[in-house]
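A.B. asks: For reference, the structure I am asking about is given below.
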Amino acid sequence: MRRGAAVAVAIIAMGAGMVGCQSNGASPTASTSTTATSGVDLPADTTPAAAVWAVPKAFLGEWTGVVTGAGSFDLVFTIRSGKGGEEVVNAVATEQGSGNRCESIGRMIYGTQNELTFAFRLVGGSDCTDNGKLATVGVHADRSAGYSSERPGGTLTGTLQKA
């Protein structure tokens, strides 16, 4: 039985080594392109030409300012290096009237060289409406940044400055 198992393993190993070999003697290629004869239709790339997958350097660092609309908040927005789909933002919003503090982490879901959009999840605080909300930050020519986020009580907007 041992010899039979050894032969089976050798045959399987030989077969595994032959994957990718071509019968015409040509060496295998690393090409992964899909041809029209494969029967697989790939969706068209709908990514806007201006889209970026990594946080542009102009956004990196700590931004502070006051945002108003659905209340007035002191906002500290810290953006670190990363790429689309990663959590790259820490946000701390302190309501000016009550002092209530909300902490959240944002995942970059879309970006261009001048504007980034983040989806947030709440990580601290009470009576906060950050969870699942989107915020957009756009860098202006004067190196300030515009902030906008939809909330249940209305849109929060403001201008942030690099700290």
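We label chains A, B, ... in the order they appear in the structure tokens, count residues from 1 in each chain, and number ligands from 1 in the order shown.
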May I have the residues within 10 Å of segment 117-131 of chain A as a PyMOL selection string, using only C-alpha atoms and disregarding those fewer than 3 positions away in the same chain?

C.D. replies: chain A and resi 84-95+100-112+134-138+147-153

A.B. asks: Deliver the residues from the most recent selection as a file, using C-alpha atoms, as an mmCIF file, in the first residue's frame.

C.D. replies:
data_model
loop_
_atom_site.group_PDB
_atom_site.id
_atom_site.type_symbol
_atom_site.label_atom_id
_atom_site.label_comp_id
_atom_site.auth_asym_id
_atom_site.auth_seq_id
_atom_site.Cartn_x
_atom_site.Cartn_y
_atom_site.Cartn_z
ATOM 1 C CA GLY A 84 -9.150 53.664 -1.198
ATOM 2 C CA GLY A 85 -11.049 51.308 1.082
ATOM 3 C CA GLU A 86 -8.716 51.865 4.030
ATOM 4 C CA GLU A 87 -9.496 53.697 7.261
ATOM 5 C CA VAL A 88 -7.299 56.767 6.920
ATOM 6 C CA VAL A 89 -9.132 59.452 8.941
ATOM 7 C CA ASN A 90 -9.673 60.072 12.632
ATOM 8 C CA ALA A 91 -12.328 62.693 13.349
ATOM 9 C CA VAL A 92 -13.182 64.313 16.660
ATOM 10 C CA ALA A 93 -16.200 66.628 16.733
ATOM 11 C CA THR A 94 -16.984 68.582 19.910
ATOM 12 C CA GLU A 95 -20.379 70.288 20.060
ATOM 13 C CA ASN A 100 -20.483 66.515 23.706
ATOM 14 C CA ARG A 101 -17.559 64.814 21.975
ATOM 15 C CA CYS A 102 -17.888 62.274 19.156
ATOM 16 C CA GLU A 103 -14.976 60.246 17.797
ATOM 17 C CA SER A 104 -15.097 58.373 14.508
ATOM 18 C CA ILE A 105 -12.867 56.681 11.961
ATOM 19 C CA GLY A 106 -13.301 57.248 8.237
ATOM 20 C CA ARG A 107 -12.663 54.915 5.317
ATOM 21 C CA MET A 108 -11.803 56.562 1.995
ATOM 22 C CA ILE A 109 -14.457 55.540 -0.521
ATOM 23 C CA TYR A 110 -13.693 57.969 -3.354
ATOM 24 C CA GLY A 111 -11.015 60.479 -4.181
ATOM 25 C CA THR A 112 -9.601 62.887 -6.725
ATOM 26 C CA LEU A 134 -20.357 60.322 4.554
ATOM 27 C CA ALA A 135 -18.155 63.408 4.611
ATOM 28 C CA THR A 136 -16.441 65.144 1.733
ATOM 29 C CA VAL A 137 -13.292 67.240 2.095
ATOM 30 C CA GLY A 138 -11.961 69.355 -0.741
ATOM 31 C CA TYR A 147 -15.953 70.140 4.661
ATOM 32 C CA SER A 148 -19.481 68.852 4.054
ATOM 33 C CA SER A 149 -21.465 66.038 5.689
ATOM 34 C CA GLU A 150 -25.165 65.152 5.656
ATOM 35 C CA ARG A 151 -26.699 64.649 9.115
ATOM 36 C CA PRO A 152 -30.230 63.934 10.317
ATOM 37 C CA GLY A 153 -30.687 67.601 11.324
#

A.B. asks: Counting only C-alpha atoms, which of A:Gln161, A:Thr155, A:Gln96, A:Asn114 gets nearest to Gly61 of chain A?

C.D. replies: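 Among A:Gln161, A:Thr155, A:Gln96, A:Asn114, it is A:Gln161 that comes nearest to Gly61 of chain A.
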
A.B. asks: What separation in Å, quoted to one decimal, exists between atom CA of Thr157 of chain A and atom CA of Thr68 of chain A?

C.D. replies: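 Computing it gives 5.6 Å between the two atoms.
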
A.B. asks: Enumerate, as a PyMOL selection string, the complete set of residues in segment 33-134 of chain A that a backbone-based DSSP assignment places in helix (DSSP H, G or I).

C.D. replies: chain A and resi 36-38+57-59

A.B. asks: Ranking A:Leu156, A:Ala54, A:Leu116, A:Leu60 by minimum distance to Ser72 of chain A and counting only C-alpha atoms, which one comes first?

C.D. replies: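 Residue with the minimum atom-to-atom distance to Ser72 of chain A: A:Leu156.
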
A.B. asks: So that I can check the surroundings of Leu160 of chain A, please list as a list of chain:residue names every protein, DNA and RNA residue that reaches within 10 Å of it, counting only C-alpha atoms and ignoring chain neighbours fewer than 4 positions away.

C.D. replies: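 So the residues in contact are A:Glu62, A:Trp63, A:Thr64, A:Gly65, A:Val66, A:Val67, A:Asp74, A:Leu75, A:Val76, A:Phe77, A:Val137, A:Gly138, A:Val139, A:Arg143, A:Ser144, A:Ala145, A:Gly146, A:Tyr147.
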
A.B. asks: Keeping all heavy atoms, export the residues of the selection given above as a compact mmCIF listing (two decimals), in the first residue's frame.

C.D. replies:
# COMPACT_ATOMS: atom_id res chain seq x y z
N GLU A 62 -3.19 67.07 10.07
CA GLU A 62 -4.31 67.44 10.93
C GLU A 62 -4.96 68.72 10.43
O GLU A 62 -4.28 69.71 10.15
CB GLU A 62 -3.82 67.63 12.37
CG GLU A 62 -4.94 67.92 13.35
CD GLU A 62 -4.43 68.00 14.77
OE1 GLU A 62 -4.21 66.94 15.38
OE2 GLU A 62 -4.25 69.13 15.25
N TRP A 63 -6.28 68.69 10.33
CA TRP A 63 -7.09 69.82 9.89
C TRP A 63 -8.04 70.19 11.02
O TRP A 63 -8.60 69.31 11.67
CB TRP A 63 -7.90 69.45 8.66
CG TRP A 63 -7.07 69.08 7.47
CD1 TRP A 63 -6.51 67.87 7.19
CD2 TRP A 63 -6.72 69.93 6.39
NE1 TRP A 63 -5.83 67.91 6.01
CE2 TRP A 63 -5.94 69.18 5.48
CE3 TRP A 63 -6.99 71.26 6.07
CZ2 TRP A 63 -5.43 69.69 4.31
CZ3 TRP A 63 -6.48 71.79 4.89
CH2 TRP A 63 -5.71 71.01 4.03
N THR A 64 -8.22 71.47 11.27
CA THR A 64 -9.13 71.91 12.33
C THR A 64 -10.02 73.02 11.81
O THR A 64 -9.66 73.76 10.88
CB THR A 64 -8.36 72.42 13.56
OG1 THR A 64 -7.55 73.54 13.18
CG2 THR A 64 -7.48 71.33 14.17
N GLY A 65 -11.19 73.16 12.43
CA GLY A 65 -12.11 74.23 12.06
C GLY A 65 -13.44 74.05 12.74
O GLY A 65 -13.65 73.13 13.54
N VAL A 66 -14.36 74.95 12.43
CA VAL A 66 -15.71 74.90 12.96
C VAL A 66 -16.63 74.53 11.81
O VAL A 66 -16.54 75.11 10.72
CB VAL A 66 -16.12 76.26 13.57
CG1 VAL A 66 -17.57 76.24 14.01
CG2 VAL A 66 -15.20 76.60 14.73
N VAL A 67 -17.51 73.56 12.06
CA VAL A 67 -18.52 73.18 11.08
C VAL A 67 -19.89 73.47 11.69
O VAL A 67 -20.10 73.28 12.89
CB VAL A 67 -18.39 71.70 10.64
CG1 VAL A 67 -17.10 71.49 9.88
CG2 VAL A 67 -18.48 70.74 11.79
N ASP A 74 -16.61 72.02 16.89
CA ASP A 74 -15.18 72.16 16.64
C ASP A 74 -14.75 70.80 16.10
O ASP A 74 -15.01 69.77 16.72
CB ASP A 74 -14.43 72.47 17.94
CG ASP A 74 -14.78 73.85 18.48
OD1 ASP A 74 -14.86 74.79 17.67
OD2 ASP A 74 -15.00 73.96 19.70
N LEU A 75 -14.11 70.80 14.94
CA LEU A 75 -13.75 69.55 14.29
C LEU A 75 -12.24 69.44 14.14
O LEU A 75 -11.58 70.39 13.71
CB LEU A 75 -14.40 69.49 12.89
CG LEU A 75 -14.13 68.24 12.06
CD1 LEU A 75 -14.72 66.99 12.72
CD2 LEU A 75 -14.71 68.41 10.67
N VAL A 76 -11.71 68.29 14.53
CA VAL A 76 -10.31 67.94 14.29
C VAL A 76 -10.34 66.71 13.40
O VAL A 76 -10.91 65.68 13.76
CB VAL A 76 -9.55 67.65 15.60
CG1 VAL A 76 -8.11 67.24 15.30
CG2 VAL A 76 -9.60 68.85 16.54
N PHE A 77 -9.74 66.84 12.25
CA PHE A 77 -9.81 65.84 11.19
C PHE A 77 -8.39 65.47 10.83
O PHE A 77 -7.65 66.28 10.26
CB PHE A 77 -10.50 66.53 9.99
CG PHE A 77 -11.31 65.65 9.10
CD1 PHE A 77 -12.52 65.15 9.51
CD2 PHE A 77 -10.86 65.36 7.83
CE1 PHE A 77 -13.28 64.37 8.67
CE2 PHE A 77 -11.61 64.57 6.98
CZ PHE A 77 -12.83 64.08 7.40
N VAL A 137 -14.27 66.19 1.81
CA VAL A 137 -13.29 67.24 2.10
C VAL A 137 -12.62 67.60 0.78
O VAL A 137 -12.15 66.73 0.06
CB VAL A 137 -12.23 66.76 3.11
CG1 VAL A 137 -11.17 67.82 3.33
CG2 VAL A 137 -12.89 66.38 4.42
N GLY A 138 -12.60 68.89 0.49
CA GLY A 138 -11.96 69.36 -0.74
C GLY A 138 -10.92 70.42 -0.44
O GLY A 138 -11.20 71.38 0.27
N VAL A 139 -9.71 70.24 -0.96
CA VAL A 139 -8.64 71.21 -0.75
C VAL A 139 -8.79 72.36 -1.74
O VAL A 139 -8.99 72.13 -2.94
CB VAL A 139 -7.25 70.54 -0.88
CG1 VAL A 139 -6.14 71.56 -0.80
CG2 VAL A 139 -7.07 69.48 0.18
N ARG A 143 -5.04 76.51 0.22
CA ARG A 143 -4.60 75.42 1.09
C ARG A 143 -5.52 75.19 2.28
O ARG A 143 -5.19 74.47 3.22
CB ARG A 143 -3.15 75.58 1.52
CG ARG A 143 -2.21 75.61 0.31
CD ARG A 143 -0.74 75.54 0.59
NE ARG A 143 -0.25 74.62 1.58
CZ ARG A 143 -0.04 73.31 1.39
NH1 ARG A 143 -0.30 72.77 0.23
NH2 ARG A 143 0.43 72.56 2.36
N SER A 144 -6.71 75.80 2.28
CA SER A 144 -7.73 75.46 3.26
C SER A 144 -8.52 74.29 2.67
O SER A 144 -8.30 73.89 1.53
CB SER A 144 -8.65 76.65 3.53
OG SER A 144 -9.41 76.97 2.37
N ALA A 145 -9.44 73.74 3.45
CA ALA A 145 -10.24 72.63 2.95
C ALA A 145 -11.71 72.85 3.31
O ALA A 145 -12.03 73.25 4.43
CB ALA A 145 -9.76 71.31 3.56
N GLY A 146 -12.57 72.62 2.35
CA GLY A 146 -14.01 72.68 2.60
C GLY A 146 -14.48 71.34 3.11
O GLY A 146 -14.00 70.28 2.69
N TYR A 147 -15.42 71.36 4.06
CA TYR A 147 -15.95 70.14 4.66
C TYR A 147 -17.46 70.15 4.50
O TYR A 147 -18.12 71.18 4.69
CB TYR A 147 -15.60 70.10 6.15
CG TYR A 147 -16.22 68.96 6.91
CD1 TYR A 147 -15.58 67.74 7.02
CD2 TYR A 147 -17.48 69.10 7.52
CE1 TYR A 147 -16.15 66.68 7.72
CE2 TYR A 147 -18.06 68.06 8.21
CZ TYR A 147 -17.40 66.84 8.30
OH TYR A 147 -17.98 65.80 8.98

A.B. asks: Write down as a count of residues only the residues of segment 31-152 of chain A whose backbone DSSP state falls under strand (DSSP E or B).

C.D. replies: 65

A.B. asks: Calculated over only C-alpha atoms, which of the candidates A:Ser98, A:Lys133, A:Gly82, A:Phe59 has the smallest distance to Lys162 of chain A?

C.D. replies: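 Of A:Ser98, A:Lys133, A:Gly82, A:Phe59, the one nearest Lys162 of chain A is A:Phe59, counting only C-alpha atoms.
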